[in-house]
file target-v9.txt (compact mmCIF, C-alpha atoms)
# COMPACT_ATOMS: atom_id res chain seq x y z
CA MET A 238 0.00 0.00 0.00
CA ALA A 239 1.46 3.29 -1.05
CA TYR A 240 1.03 6.02 1.51
CA ASP A 241 1.78 8.66 -1.12
CA LEU A 242 2.80 12.25 -0.54
CA GLU A 243 -0.55 13.75 -1.47
CA GLU A 244 -2.39 11.47 0.97
CA GLN A 245 0.14 12.04 3.76
CA GLU A 246 -0.27 15.79 3.36
CA GLN A 247 -3.98 15.41 4.11
CA LEU A 248 -3.21 13.65 7.39
CA ASP A 249 -0.41 16.06 8.29
CA GLU A 250 -2.75 19.01 7.83
CA LEU A 251 -5.33 17.43 10.15
CA LYS A 252 -2.67 16.65 12.75
CA ALA A 253 -1.19 20.13 12.58
CA TRP A 254 -4.62 21.72 12.88
CA TRP A 255 -5.40 19.68 15.97
CA LYS A 256 -2.03 20.43 17.58
CA ARG A 257 -2.70 24.13 17.05
CA TYR A 258 -6.33 24.33 18.06
CA GLY A 259 -7.04 21.12 19.98
CA ASN A 260 -6.56 22.52 23.46
CA LEU A 261 -8.69 25.56 22.65
CA ILE A 262 -11.47 23.31 21.40
CA LEU A 263 -11.28 21.14 24.48
CA LEU A 264 -11.32 24.22 26.71
CA ALA A 265 -14.33 25.61 24.89
CA ALA A 266 -16.15 22.30 25.14
CA THR A 267 -15.25 22.08 28.81
CA ALA A 268 -16.51 25.59 29.46
CA ALA A 269 -19.81 24.81 27.78
CA LEU A 270 -20.24 21.66 29.80
CA LEU A 271 -19.44 23.51 33.00
CA THR A 272 -22.04 26.15 32.16
CA VAL A 273 -24.73 23.60 31.45
CA ALA A 274 -24.00 20.95 34.03
CA GLY A 275 -21.97 22.76 36.63
CA HIS A 276 -19.55 19.87 37.07
CA GLN A 277 -16.43 21.61 38.41
CA GLY A 278 -14.28 18.51 38.15
CA TRP A 279 -14.93 18.00 34.44
CA ARG A 280 -12.50 20.68 33.31
CA HIS A 281 -9.58 19.13 35.15
CA TYR A 282 -10.47 15.65 33.91
CA THR A 283 -10.77 16.73 30.27
CA LEU A 284 -7.49 18.61 30.24
CA SER A 285 -5.76 15.75 32.04
CA GLN A 286 -7.02 13.27 29.45
CA SER A 287 -5.87 15.50 26.62
CA HIS A 288 -2.41 15.96 28.10
CA GLU A 289 -1.92 12.25 28.72
CA ALA A 290 -3.12 11.38 25.22
CA ALA A 291 -0.84 14.02 23.68
CA THR A 292 2.17 12.61 25.53
CA LEU A 293 1.51 9.10 24.24
CA PHE A 294 0.80 10.47 20.77
CA GLU A 295 4.22 12.14 20.62
CA GLN A 296 5.86 8.87 21.68
CA MET A 297 3.96 7.05 18.95
CA GLU A 298 5.09 9.55 16.31
CA GLN A 299 8.71 9.14 17.42
CA ALA A 300 8.35 5.37 17.09
CA ASP A 301 6.81 5.84 13.64
CA ARG A 302 9.71 7.99 12.49
CA ALA A 303 12.09 5.27 13.73
CA ASP A 304 10.10 2.55 11.89
CA GLU A 305 9.42 0.76 15.18
CA HIS A 306 6.19 -0.76 13.98
CA LYS A 307 5.39 -2.93 17.00
CA LYS A 308 5.91 0.02 19.32
CA VAL A 309 3.63 2.16 17.18
CA ARG A 310 0.90 -0.46 17.43
CA ASP A 311 1.35 -0.90 21.18
CA ILE A 312 1.17 2.83 21.92
CA ALA A 313 -1.73 3.34 19.52
CA ALA A 314 -3.63 0.58 21.32
CA GLN A 315 -3.18 2.45 24.61
CA ILE A 316 -4.46 5.69 23.10
CA VAL A 317 -7.52 4.04 21.55
CA ASP A 318 -8.28 2.08 24.71
CA LYS A 319 -7.82 4.85 27.28
CA TYR A 320 -8.46 8.05 25.35
CA ARG A 321 -10.92 7.08 22.64
CA ARG A 322 -12.96 10.23 23.26
CA THR A 323 -10.06 12.43 22.18
CA PRO A 324 -9.26 13.15 18.50
CA TYR A 325 -5.85 11.53 19.07
CA ALA A 326 -7.51 8.10 19.06
CA ALA A 327 -8.56 8.15 15.41
CA ILE A 328 -5.16 9.29 14.16
CA ALA A 329 -3.46 6.71 16.40
CA ALA A 330 -5.64 4.00 14.87
CA LEU A 331 -4.59 5.17 11.38
CA ALA A 332 -0.94 4.91 12.42
CA SER A 333 -1.57 1.45 13.86
CA ALA A 334 -3.18 0.35 10.58
CA LYS A 335 -0.17 1.56 8.62
CA ALA A 336 2.23 -0.26 10.96
CA ALA A 337 0.13 -3.42 10.72
CA PHE A 338 0.21 -3.30 6.93
CA VAL A 339 3.98 -2.85 6.84
CA SER A 340 4.20 -5.88 9.16
CA GLN A 341 2.03 -7.84 6.67
CA ASP A 342 -0.83 -8.09 9.16
CA LEU A 343 -3.66 -7.15 6.81
CA PRO A 344 -6.52 -8.33 9.08
CA ALA A 345 -5.30 -6.06 11.87
CA ALA A 346 -4.92 -3.15 9.46
CA LYS A 347 -8.52 -3.58 8.31
CA VAL A 348 -9.81 -3.73 11.89
CA GLN A 349 -8.07 -0.46 12.77
CA LEU A 350 -9.33 1.32 9.65
CA GLN A 351 -12.86 0.09 10.24
CA TRP A 352 -12.67 1.45 13.79
CA VAL A 353 -11.67 4.86 12.46
CA MET A 354 -14.54 4.86 9.96
CA GLU A 355 -17.02 4.09 12.72
CA ASN A 356 -15.62 6.26 15.51
CA ALA A 357 -13.74 9.27 14.13
CA ARG A 358 -15.51 12.59 14.58
CA GLU A 359 -13.79 14.37 11.71
CA ASP A 360 -15.08 13.61 8.21
CA GLY A 361 -11.59 14.10 6.77
CA ILE A 362 -10.20 11.33 8.97
CA LYS A 363 -13.04 9.01 7.95
CA ASP A 364 -12.38 9.76 4.28
CA LEU A 365 -8.71 8.91 4.73
CA ALA A 366 -9.55 5.66 6.53
CA ARG A 367 -11.84 4.59 3.66
CA LEU A 368 -9.10 5.37 1.16
CA ARG A 369 -6.55 3.32 3.07
CA LEU A 370 -8.99 0.44 3.59
CA ALA A 371 -9.57 0.34 -0.16
CA ARG A 372 -5.78 0.18 -0.67
CA VAL A 373 -5.52 -2.79 1.71
CA LEU A 374 -8.40 -4.55 -0.06
CA LEU A 375 -6.76 -3.90 -3.44
CA ASP A 376 -3.49 -5.38 -2.22
CA GLU A 377 -5.23 -8.56 -1.07
CA GLY A 378 -7.17 -8.84 -4.34
CA SER A 379 -10.62 -8.01 -2.95
CA PHE A 380 -11.45 -5.71 -5.85
CA ASP A 381 -15.22 -5.45 -5.43
CA GLU A 382 -14.89 -4.71 -1.73
CA ALA A 383 -12.23 -2.10 -2.50
CA LEU A 384 -14.54 -0.31 -4.92
CA LYS A 385 -17.36 -0.48 -2.38
CA ALA A 386 -15.14 1.22 0.21
CA LEU A 387 -14.78 4.17 -2.17
CA GLN A 388 -18.50 4.65 -2.79
CA ASN A 389 -18.86 7.46 -0.24
CA THR A 390 -18.27 10.94 -1.62
CA PRO A 391 -15.19 12.38 0.14
CA ALA A 392 -14.26 15.97 0.82
CA GLU A 393 -13.41 17.91 -2.33
CA SER A 394 -9.69 17.88 -1.47
CA MET A 395 -9.67 14.06 -1.61
CA THR A 396 -11.79 13.37 -4.69
CA GLY A 397 -8.68 13.10 -6.86
CA LEU A 398 -7.13 10.51 -4.56
CA TYR A 399 -10.34 8.47 -4.60
CA SER A 400 -10.52 8.59 -8.40
CA ASP A 401 -6.85 7.63 -8.72
CA LEU A 402 -7.28 4.58 -6.50
CA ARG A 403 -10.52 3.65 -8.25
CA GLY A 404 -8.50 3.66 -11.46
CA ASP A 405 -5.93 1.30 -9.91
CA ILE A 406 -8.66 -1.13 -8.87
CA LEU A 407 -10.42 -1.07 -12.22
CA ALA A 408 -7.13 -1.55 -14.07
CA ALA A 409 -6.35 -4.55 -11.85
CA GLN A 410 -9.74 -5.98 -12.88
CA GLY A 411 -8.92 -5.48 -16.55
CA LYS A 412 -11.63 -2.81 -16.92
CA PHE A 413 -9.34 -0.48 -18.83
CA SER A 414 -11.96 1.86 -20.28
CA GLU A 415 -13.41 2.56 -16.84
CA ALA A 416 -9.91 2.88 -15.41
CA ARG A 417 -9.07 5.55 -18.00
CA SER A 418 -12.12 7.56 -16.97
CA ALA A 419 -11.14 7.30 -13.31
CA TYR A 420 -7.55 8.35 -13.97
CA GLN A 421 -8.71 11.25 -16.13
CA SER A 422 -10.94 12.43 -13.31
CA ALA A 423 -7.99 12.23 -10.91
CA LEU A 424 -5.81 14.09 -13.40
CA ASP A 425 -8.39 16.86 -13.67
CA LYS A 426 -8.31 17.28 -9.88
CA SER A 427 -4.51 17.34 -9.57
CA GLU A 428 -2.30 20.41 -9.48
CA SER A 429 -0.49 21.36 -12.67
CA GLY A 430 3.22 20.53 -12.57
CA SER A 431 3.02 18.35 -9.45
CA ALA A 432 4.81 15.01 -9.15
CA TYR A 433 1.48 13.45 -8.25
CA ARG A 434 -0.06 14.66 -11.52
CA ALA A 435 2.87 13.19 -13.44
CA ALA A 436 2.34 9.82 -11.74
CA ILE A 437 -1.33 9.79 -12.75
CA GLN A 438 -0.42 10.72 -16.32
CA LEU A 439 1.98 7.75 -16.46
CA LYS A 440 -0.82 5.42 -15.38
CA LEU A 441 -3.13 6.90 -17.99
CA ASP A 442 -0.47 6.59 -20.70
CA SER A 443 0.18 2.96 -19.75
CA LEU A 444 -3.41 2.13 -20.67
CA GLY A 445 -3.01 3.65 -24.12
CA GLU A 446 -2.58 0.38 -25.96
CA LYS A 447 -4.95 -1.69 -23.81
CA LEU A 448 -8.47 -2.32 -25.00

call {"tool": "encode", "arguments": {"input": "target-v9.txt", "output": "structure tokens"}}
result
Amino acid sequence: MAYDLEEQEQLDELKAWWKRYGNLILLAATAALLTVAGHQGWRHYTLSQSHEAATLFEQMEQADRADEHKKVRDIAAQIVDKYRRTPYAAIAALASAKAAFVSQDLPAAKVQLQWVMENAREDGIKDLARLRLARVLLDEGSFDEALKALQNTPAESMTGLYSDLRGDILAAQGKFSEARSAYQSALDKSESGSAYRAAIQLKLDSLGEKL
């Protein structure tokens, strides 16, 4: 499964946004809850949970950069188990799925991605999980299931990635005409002059002589 640059940028943007605004959001949510319910201990609990999850999350990212796949999965499991109500849980599950795939544990990767699709609060994270699940299914030869995973309409910024992967699946099935249409759609959504656009063009060109 190729975790390409374009896709990784989507996740990096979500992570950066949360690092910048996450505490403010949690504080705002806490303040609202305090106003409505008057539970004075909730603010301390919420901030404590966020801090603990953030600490583990940083450790997980360090392990990911060092390609310590088992450690990534172990730490991610702690985050999902103990801090599933925080946004860190969904991103940790994505990291765990990636580590599982690299370790050739496709069933575990699918379980983690399915969890993200069912539990993530952010639509962008769910879209990314569906994309990665489709990649896993493509790699194991489950073409129809892979296409089904891409049926949901993603955010506009990810429509090109979905079309590109749909083209890969259709080409693997020998449906070259449909694959061309999918690649062309992805090409239309890509930025002019980008390496990603060039990669799509190569795929499209490779279908030139196939009926």

call {"tool": "closest_atom_pairs", "arguments": {"input": "target-v9.txt", "of": "segment 336-370 of chain A", "to": "segment 399-421 of chain A", "cutoff": "12 Å", "atoms": "all atoms listed in the file", "output": "JSON lines"}}
result
{"residue": "A:Asp364", "atom": "CA", "partner": "A:Tyr399", "partner_atom": "CA", "distance": 9.2}
{"residue": "A:Leu365", "atom": "CA", "partner": "A:Tyr399", "partner_atom": "CA", "distance": 9.5}
{"residue": "A:Ala366", "atom": "CA", "partner": "A:Tyr399", "partner_atom": "CA", "distance": 11.5}
{"residue": "A:Arg367", "atom": "CA", "partner": "A:Tyr399", "partner_atom": "CA", "distance": 9.2}
{"residue": "A:Leu368", "atom": "CA", "partner": "A:Tyr399", "partner_atom": "CA", "distance": 6.7}
{"residue": "A:Arg369", "atom": "CA", "partner": "A:Leu402", "partner_atom": "CA", "distance": 9.7}
{"residue": "A:Leu370", "atom": "CA", "partner": "A:Leu402", "partner_atom": "CA", "distance": 11.0}

call {"tool": "atom_distance", "arguments": {"input": "target-v9.txt", "atom1": "atom CA of Ala423 of chain A", "atom2": "atom CA of Thr390 of chain A"}}
result
13.9 Å

call {"tool": "atom_distance", "arguments": {"input": "target-v9.txt", "atom1": "atom CA of Pro391 of chain A", "atom2": "atom CA of Ile328 of chain A"}}
result
17.5 Å

call {"tool": "atom_distance", "arguments": {"input": "target-v9.txt", "atom1": "atom CA of Leu384 of chain A", "atom2": "atom CA of Arg310 of chain A"}}
result
27.2 Å

call {"tool": "closest_residue", "arguments": {"input": "target-v9.txt", "among": "A:Asp442, A:Glu377, A:Asp301, A:Glu359", "to": "Ala334 of chain A", "atoms": "all atoms listed in the file"}}
result
A:Asp301

call {"tool": "closest_residue", "arguments": {"input": "target-v9.txt", "among": "A:Ala432, A:Arg372, A:Asp425, A:Trp352", "to": "Lys385 of chain A", "atoms": "all atoms listed in the file"}}
result
A:Arg372

call {"tool": "closest_residue", "arguments": {"input": "target-v9.txt", "among": "A:Ala326, A:Lys347, A:Lys426, A:Ala357", "to": "Val373 of chain A", "atoms": "only C-alpha atoms"}}
result
A:Lys347

call {"tool": "residues_around", "arguments": {"input": "target-v9.txt", "residues": "Ala290 of chain A", "least_positions_apart": "4", "cutoff": "9 Å", "atoms": "all atoms listed in the file", "output": "ChimeraX atom specification"}}
result
/A:285-286,294-295,315-316,319-320,323,325-326

call {"tool": "residues_around", "arguments": {"input": "target-v9.txt", "residues": "Ala314 of chain A", "least_positions_apart": "2", "cutoff": "8 Å", "atoms": "all atoms listed in the file", "output": "list in words"}}
result
Arg310, Asp311, Ile312, Ile316, Val317, Asp318, Ala329, Ala330 and Ser333 of chain A
